[in-house]
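Down below is the structure, laid out as structure tokens.
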Amino acid sequence: MNIEISSSFKSSTRSAVFAISLFALTYLVLSLITIAICIGCVMLAIGLILLKIHFATILFVIGLLSFGGLLGIFLFKFIFTIKKTDTSQFKLLSENEEPKLYALIREISEAAHTSFPGKIFLSADVNAFVFYDSTFWSMFFPVKKNLVIGVGLMNSLTSQELKAVLAHEFGHFSQKSMRVGSYVHQVQLVMQNILFENNSYGNFARQLHSIHPIVGLFVNLAIGVLNGIIWILKKIYRLVYLKYLGLSREMEFHADQFAAQIAGSEYFKRSMIRLEYAGGAFQNVLIFYQQKQQQSLRPDDLYAQHLEALTYAGKVKGTLFHCGLPLFDKLPNEEQNFFRISFEENWNTHPETAERIAAAQPINPDLRISDEFPSIQYLSNEKGSKQILTDLTFSQMVGSNQCTVLTTSEFMAAYQQQMEIFQHDEMYAGYWDLGSVISLDEKEIEEQPILKFEELFNKEVTNMLLRQQARAQELNTLHSISDKQSGVRHFIFNGKKYSTKQSQAVSNLIETEENQAAEEIMAHARKITAYFIRLAEQQNAALEFKNALVKLKKYDENATAMIRIYQEIQWRAHQVFQGGNVEQIFGFINHLEAAESELRQDIKIRMQSGDYREWITPEAERQFQAYGKNQMKYFNGEKFDDDLVKYLFEVLQEYQNLAFKPVQEIRALIITKMTDLQKAAIHRPS
């Protein structure tokens, strides 16, 4: 099967090959210089020994050998490094066990004219990828690639959609440029080894340094030379990385075209869109159980619950269903993009999903399959595989504790109740996804103009909130690129090019916009509240509605105070547990204990207050009571007590939940009441 290679693909390949060649040449030159230095050090050492042997000579010999040895070991230690992928969370498959899945993979590999995977694994995730154990020699000798297919992926796709996803993976290996990717990967491993994998090397250097000040002088000289070598390699590696980013994007488009050619562009599109939702649904299920980790809950079948969560998302969107799976017609959050920062270099290895779909759309668009089925049926041992991966996933989350198993129906009842807090009627045009509910006094209500519902809730108003959200993201991005370590030299804002040094000026501009917009957003929120209070007055429901607003304001103010305490503890705990010498740790612990004193006092107030009784779970109450009685001793002068450290963060999680939960639930009730008021007004006889 031949997919036409674009000129941009060829150009990107040439640029990446040039950058890799430059890195290799530089590394070779540095290596040859290092070898020459090592030989010179050995010869000079031999000469000193032959000249005269005494204590100073021996020290100089050791120093010379240390200097040459440290340079040589540092530059060549990566050759002996082996990078193995941890497969402990995967399930290895055999052809006898899963003949239908093997047959599908063989069909795709033959169409791609590539070799069959060395091993095939199942993982828990909504994902598929290829990996191999990497060494320096992988660049010169062929290595068998292994294929990993997520059960979450198969749980989310039809048979033809799975074929499209797997064809994408095999499409990469039909590309000659994939070899370039393996070289870049090896360059990355070299740089990682040089920059970060130096513990044993550092210990060896310190031992040499401690022998004698003369030897230490040579060790310091070696470290100085190595810092220069690292600086040179980092500069060239940046070029390799940037050039490969462009090639990687082209490779993704090419593999997408391959997938569309084999499976049809419509099925490729469907798979890409649904996987966006399926990944979100899978994460939602995991987050649901993480939030209930203290209760040691786990699912009876993770994948049945994942499918129910995905089905629920489809029902909320009002989609059609095919093979029991929702047919989403657009990507989630497909709103207008108000983010105004871009880069001349493209910093994403993968294009946006929408770009990928559009590029593959013209390829084989008319292919239609009549005998599709849920792709999970490719697994002959479906039930056993699901159980094994459910167990693997939750053995990490809940450990060996005695677990309470939630059935799928029990999970969905709790999950739906949780999700409904964040779902709102379409008539609000997405406003409540970001908008705030605020309270007003009588004078403020009178000051607000009388507006129609359509003036308060429309796409333009929602875009005002989305722009403000984009401004916050822009500020975070600018703070990141102002860091010299980010590697960014220039950026584009609103179509104009700026240097990194000008990032603060652009930040100031955005902050001014942000402050002005915040005032406009708050003014609009007042108009909304006034509108619904007037509506409630017309329907004799004003007292209940106003009381709910006052209640929300109180809990919102409480939450602000509680989150301040929470963040202070997090910061102080981070200082303690990031390490340092004993004196520093005990100093940080004193600050942490002072912050914890405020936390204990606030927990006591919340527990004694009837206002929070309904939101304190039995597990939270047990933890709060125990925490209030005991002063934790996290550090004994030699090591940390891991159980107490874990306990502190469990208490903090419960405290954070207590801050947010009342606000979320009361806000949801108020918005539901607004909906009822508006619908009653629409249906009221004029």
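To be explicit about the labels: the chains of the structure tokens are called A, B, and onward in the order shown, and within each one the residues are counted from 1, while ligands get numbers from 1 in the order they are shown.
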Contacts of stretch 582-588 of chain A at 10 Å (only C-alpha atoms; same-chain gap of 2+ positions) as a ChimeraX atom specification:
/A:572-580,590-593,634-639
Could you please take those selected residues and save N, CA, C and O atoms as a compact mmCIF listing (two decimals), in the first residue's frame?
```txt
# COMPACT_ATOMS: atom_id res chain seq x y z
N ARG A 572 4.08 24.09 53.28
CA ARG A 572 4.98 23.76 54.39
C ARG A 572 5.38 22.29 54.35
O ARG A 572 6.53 21.94 54.64
N ALA A 573 4.44 21.42 53.99
CA ALA A 573 4.74 19.99 53.90
C ALA A 573 5.74 19.73 52.77
O ALA A 573 6.65 18.90 52.90
N HIS A 574 5.58 20.44 51.66
CA HIS A 574 6.52 20.30 50.55
C HIS A 574 7.93 20.67 50.99
O HIS A 574 8.90 19.98 50.64
N GLN A 575 8.07 21.74 51.76
CA GLN A 575 9.39 22.13 52.25
C GLN A 575 10.01 21.04 53.12
O GLN A 575 11.20 20.75 53.02
N VAL A 576 9.18 20.43 53.97
CA VAL A 576 9.69 19.39 54.87
C VAL A 576 10.13 18.16 54.10
O VAL A 576 11.24 17.65 54.27
N PHE A 577 9.26 17.69 53.22
CA PHE A 577 9.47 16.38 52.61
C PHE A 577 10.36 16.40 51.37
O PHE A 577 10.70 15.35 50.83
N GLN A 578 10.76 17.62 50.92
CA GLN A 578 11.68 17.66 49.78
C GLN A 578 13.11 17.36 50.23
O GLN A 578 14.00 17.18 49.39
N GLY A 579 13.33 17.27 51.53
CA GLY A 579 14.64 16.86 52.03
C GLY A 579 15.52 18.03 52.43
O GLY A 579 15.07 19.17 52.57
N GLY A 580 16.80 17.75 52.61
CA GLY A 580 17.75 18.73 53.11
C GLY A 580 18.48 18.13 54.29
O GLY A 580 18.33 16.94 54.61
N ASN A 590 8.89 22.97 62.20
CA ASN A 590 8.33 23.97 63.13
C ASN A 590 7.30 24.85 62.43
O ASN A 590 6.24 25.16 62.99
N HIS A 591 7.60 25.26 61.18
CA HIS A 591 6.64 26.06 60.40
C HIS A 591 5.39 25.23 60.08
O HIS A 591 4.26 25.74 60.12
N LEU A 592 5.61 23.95 59.76
CA LEU A 592 4.48 23.07 59.44
C LEU A 592 3.58 22.90 60.66
O LEU A 592 2.35 22.94 60.55
N GLU A 593 4.17 22.72 61.81
CA GLU A 593 3.37 22.52 63.03
C GLU A 593 2.53 23.75 63.36
O GLU A 593 1.40 23.64 63.81
N TYR A 634 6.58 13.48 62.16
CA TYR A 634 6.87 12.95 60.83
C TYR A 634 8.31 12.52 60.65
O TYR A 634 8.62 11.72 59.77
N PHE A 635 9.22 13.06 61.49
CA PHE A 635 10.65 12.84 61.28
C PHE A 635 11.32 12.58 62.63
O PHE A 635 11.10 13.34 63.59
N ASN A 636 12.10 11.50 62.72
CA ASN A 636 12.72 11.14 64.00
C ASN A 636 14.20 11.52 64.07
O ASN A 636 14.92 11.08 64.97
N GLY A 637 14.64 12.33 63.12
CA GLY A 637 16.04 12.72 63.09
C GLY A 637 16.86 11.94 62.09
O GLY A 637 17.97 12.35 61.73
N GLU A 638 16.32 10.81 61.64
CA GLU A 638 17.02 9.99 60.66
C GLU A 638 16.18 9.70 59.42
O GLU A 638 16.68 9.69 58.30
N LYS A 639 14.89 9.45 59.63
CA LYS A 639 14.02 9.13 58.49
C LYS A 639 12.60 9.59 58.77
O LYS A 639 12.22 9.87 59.92
```
Taking 4 positions as the minimum chain separation for residues in the same chain, which residues sit within 12 Å of A:Glu511 when counting only C-alpha atoms? Answer as a PDB file with C-alpha atoms, in the first residue's frame.
```
ATOM      1  CA  GLN A 468     -11.060  35.054  30.496  1.00  0.00           C
ATOM      2  CA  ALA A 470      -7.803  31.716  27.900  1.00  0.00           C
ATOM      3  CA  ARG A 471      -6.134  34.762  29.511  1.00  0.00           C
ATOM      4  CA  ALA A 472      -5.321  32.701  32.602  1.00  0.00           C
ATOM      5  CA  GLN A 473      -3.807  30.008  30.381  1.00  0.00           C
ATOM      6  CA  GLU A 474      -1.826  32.640  28.485  1.00  0.00           C
ATOM      7  CA  LEU A 475      -0.366  33.986  31.718  1.00  0.00           C
ATOM      8  CA  ASN A 476       0.670  30.487  32.793  1.00  0.00           C
ATOM      9  CA  LEU A 478       4.187  33.225  29.615  1.00  0.00           C
ATOM     10  CA  GLN A 504       6.716  40.303  31.249  1.00  0.00           C
ATOM     11  CA  ALA A 505       5.423  43.269  29.221  1.00  0.00           C
ATOM     12  CA  VAL A 506       2.927  40.985  27.466  1.00  0.00           C
ATOM     13  CA  SER A 507       1.946  39.496  30.844  1.00  0.00           C
ATOM     14  CA  ASN A 515      -8.830  42.783  35.498  1.00  0.00           C
ATOM     15  CA  GLN A 516     -11.113  44.764  33.184  1.00  0.00           C
ATOM     16  CA  ALA A 517     -12.875  41.596  32.011  1.00  0.00           C
ATOM     17  CA  ALA A 518     -13.310  40.416  35.622  1.00  0.00           C
TER      18      ALA A 518
END
```
Near A:Ile120, within 7 Å and counting only C-alpha atoms, which residues show up once chain neighbours fewer than 5 positions away are dropped, as a PDB file with C-alpha atoms, in the first residue's frame?
```
ATOM      1  CA  LEU A  92       0.942 -11.027  27.972  1.00  0.00           C
ATOM      2  CA  LEU A  93      -1.183 -12.680  25.266  1.00  0.00           C
ATOM      3  CA  ASN A 146       6.064  -5.187  21.104  1.00  0.00           C
ATOM      4  CA  LEU A 147       2.442  -4.059  20.808  1.00  0.00           C
ATOM      5  CA  VAL A 148       0.307  -2.945  23.754  1.00  0.00           C
TER       6      VAL A 148
END
```
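Every residue of stretch 287-333 of chain A found in strand (DSSP E) when DSSP is run on the backbone appears here: Leu297, Arg298, Pro299, Leu320, Phe321, His322, Leu325, Pro326 and Leu327 of chain A.
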C-alpha atoms of the current selection, written as a compact mmCIF listing (two decimals), in the first residue's frame:
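Result file is result.txt:
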```txt
# COMPACT_ATOMS: atom_id res chain seq x y z
CA LEU A 297 -14.05 0.92 47.30
CA ARG A 298 -13.35 -0.85 44.03
CA PRO A 299 -15.46 -1.91 41.03
CA LEU A 320 -27.25 8.10 18.34
CA PHE A 321 -25.80 4.69 19.25
CA HIS A 322 -24.15 2.06 17.07
CA LEU A 325 -21.50 2.81 21.54
CA PRO A 326 -22.39 6.52 21.24
CA LEU A 327 -21.79 8.15 17.86
```
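If you look at atom CA of A:Ala281 and atom CA of A:Ser94, they are 29.4 Å away from each other.
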With distances taken over only C-alpha atoms, the candidate from A:Leu247, A:Ala523, A:Ile421, A:Leu101 nearest A:Ser11 is A:Leu247
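Atom CA of A:Arg526 lies 18.5 Å from atom CA of A:Leu466.
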Identify, on the basis of only C-alpha atoms, every residue whose closest approach to stretch 362-366 of chain A does not exceed 10 Å; exclude the query and any residue fewer than 4 positions from it along the same chain; express the result as a PDB file with N, CA, C and O atoms, in the first residue's frame.
```pdb
ATOM      1  N   ILE A   3       1.247   5.302   0.248  1.00  0.00           N
ATOM      2  CA  ILE A   3       0.723   6.615   0.593  1.00  0.00           C
ATOM      3  C   ILE A   3       1.753   7.632   0.137  1.00  0.00           C
ATOM      4  O   ILE A   3       2.941   7.508   0.440  1.00  0.00           O
ATOM      5  N   ASP A 256      -1.827   8.412  10.005  1.00  0.00           N
ATOM      6  CA  ASP A 256      -3.290   8.595   9.949  1.00  0.00           C
ATOM      7  C   ASP A 256      -3.817   8.266   8.555  1.00  0.00           C
ATOM      8  O   ASP A 256      -4.870   7.643   8.408  1.00  0.00           O
ATOM      9  N   GLN A 257      -3.096   8.716   7.531  1.00  0.00           N
ATOM     10  CA  GLN A 257      -3.513   8.427   6.158  1.00  0.00           C
ATOM     11  C   GLN A 257      -3.475   6.922   5.892  1.00  0.00           C
ATOM     12  O   GLN A 257      -4.358   6.370   5.224  1.00  0.00           O
ATOM     13  N   PHE A 258      -2.483   6.281   6.448  1.00  0.00           N
ATOM     14  CA  PHE A 258      -2.369   4.836   6.315  1.00  0.00           C
ATOM     15  C   PHE A 258      -3.580   4.155   6.966  1.00  0.00           C
ATOM     16  O   PHE A 258      -4.175   3.234   6.398  1.00  0.00           O
ATOM     17  N   ALA A 259      -3.946   4.622   8.172  1.00  0.00           N
ATOM     18  CA  ALA A 259      -5.098   4.059   8.879  1.00  0.00           C
ATOM     19  C   ALA A 259      -6.380   4.267   8.087  1.00  0.00           C
ATOM     20  O   ALA A 259      -7.228   3.370   7.989  1.00  0.00           O
ATOM     21  N   ALA A 260      -6.525   5.464   7.517  1.00  0.00           N
ATOM     22  CA  ALA A 260      -7.722   5.763   6.726  1.00  0.00           C
ATOM     23  C   ALA A 260      -7.777   4.902   5.471  1.00  0.00           C
ATOM     24  O   ALA A 260      -8.852   4.458   5.050  1.00  0.00           O
ATOM     25  N   GLN A 261      -6.615   4.646   4.864  1.00  0.00           N
ATOM     26  CA  GLN A 261      -6.579   3.823   3.651  1.00  0.00           C
ATOM     27  C   GLN A 261      -7.005   2.386   3.955  1.00  0.00           C
ATOM     28  O   GLN A 261      -7.754   1.769   3.201  1.00  0.00           O
ATOM     29  N   ILE A 262      -6.556   1.844   5.079  1.00  0.00           N
ATOM     30  CA  ILE A 262      -6.885   0.464   5.438  1.00  0.00           C
ATOM     31  C   ILE A 262      -8.312   0.329   5.963  1.00  0.00           C
ATOM     32  O   ILE A 262      -9.051  -0.584   5.573  1.00  0.00           O
ATOM     33  N   ALA A 263      -8.711   1.249   6.859  1.00  0.00           N
ATOM     34  CA  ALA A 263      -9.987   1.079   7.567  1.00  0.00           C
ATOM     35  C   ALA A 263     -11.063   2.045   7.104  1.00  0.00           C
ATOM     36  O   ALA A 263     -12.226   1.892   7.511  1.00  0.00           O
ATOM     37  N   GLY A 264     -10.726   3.055   6.290  1.00  0.00           N
ATOM     38  CA  GLY A 264     -11.709   4.041   5.864  1.00  0.00           C
ATOM     39  C   GLY A 264     -11.652   5.287   6.727  1.00  0.00           C
ATOM     40  O   GLY A 264     -11.579   5.200   7.958  1.00  0.00           O
ATOM     41  N   SER A 265     -11.684   6.445   6.098  1.00  0.00           N
ATOM     42  CA  SER A 265     -11.521   7.700   6.847  1.00  0.00           C
ATOM     43  C   SER A 265     -12.675   7.950   7.811  1.00  0.00           C
ATOM     44  O   SER A 265     -12.494   8.571   8.859  1.00  0.00           O
ATOM     45  N   GLU A 266     -13.886   7.471   7.472  1.00  0.00           N
ATOM     46  CA  GLU A 266     -15.027   7.702   8.358  1.00  0.00           C
ATOM     47  C   GLU A 266     -14.846   6.940   9.664  1.00  0.00           C
ATOM     48  O   GLU A 266     -15.161   7.443  10.744  1.00  0.00           O
ATOM     49  N   TYR A 267     -14.306   5.734   9.582  1.00  0.00           N
ATOM     50  CA  TYR A 267     -14.084   4.935  10.789  1.00  0.00           C
ATOM     51  C   TYR A 267     -12.917   5.498  11.597  1.00  0.00           C
ATOM     52  O   TYR A 267     -12.925   5.465  12.826  1.00  0.00           O
ATOM     53  N   PHE A 268     -11.908   6.015  10.890  1.00  0.00           N
ATOM     54  CA  PHE A 268     -10.805   6.682  11.581  1.00  0.00           C
ATOM     55  C   PHE A 268     -11.324   7.899  12.344  1.00  0.00           C
ATOM     56  O   PHE A 268     -10.984   8.110  13.515  1.00  0.00           O
ATOM     57  N   ILE A 357      -7.965  14.600  11.831  1.00  0.00           N
ATOM     58  CA  ILE A 357      -9.196  14.133  11.181  1.00  0.00           C
ATOM     59  C   ILE A 357      -9.353  14.791   9.818  1.00  0.00           C
ATOM     60  O   ILE A 357      -9.670  14.129   8.819  1.00  0.00           O
ATOM     61  N   ALA A 358      -9.120  16.097   9.775  1.00  0.00           N
ATOM     62  CA  ALA A 358      -9.285  16.833   8.515  1.00  0.00           C
ATOM     63  C   ALA A 358      -8.295  16.348   7.457  1.00  0.00           C
ATOM     64  O   ALA A 358      -8.646  16.198   6.281  1.00  0.00           O
TER      65      ALA A 358
END
```
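Our summary of the geometry notes that atom CA of A:Asn381 is positioned 17.7 Å from atom CA of A:Leu162.
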Shell around A:Phe532 at 9 Å using only C-alpha atoms, local window under 6 positions removed, as a list in words:
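Near A:Phe532, the qualifying residues are Ala542, Phe545, Met674, Leu677 and Gln678 of chain A.
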Taking into account only C-alpha atoms, which residue in the set A:Leu64, A:Met427, A:Ile229, A:Glu372 is nearest to A:Ile33?
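The closest residue to A:Ile33 is A:Ile229.
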Which residue of A:Thr26, A:Gln423, A:Gln160, A:Thr408 approaches A:Ser370 most closely, using only C-alpha atoms:
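The shortest atom-to-atom distance to A:Ser370 comes from A:Gln160.
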Near-A:Thr500 list (8 Å; only C-alpha atoms; drop same-chain fewer than 5 positions) as a ChimeraX atom specification
/A:481-482,488-491
So which one's closest to A:Lys386, A:Val17, A:Ala103, A:Leu652, A:Leu302? Using only C-alpha atoms, please.
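Closest to A:Lys386 of all the choices is A:Leu302.
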Minimum-distance residue to A:Val215, chosen among A:Leu65, A:Leu310, A:Val130, A:Leu658 (using only C-alpha atoms)
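Nearest candidate to A:Val215 out of A:Leu65, A:Leu310, A:Val130, A:Leu658: A:Leu65.
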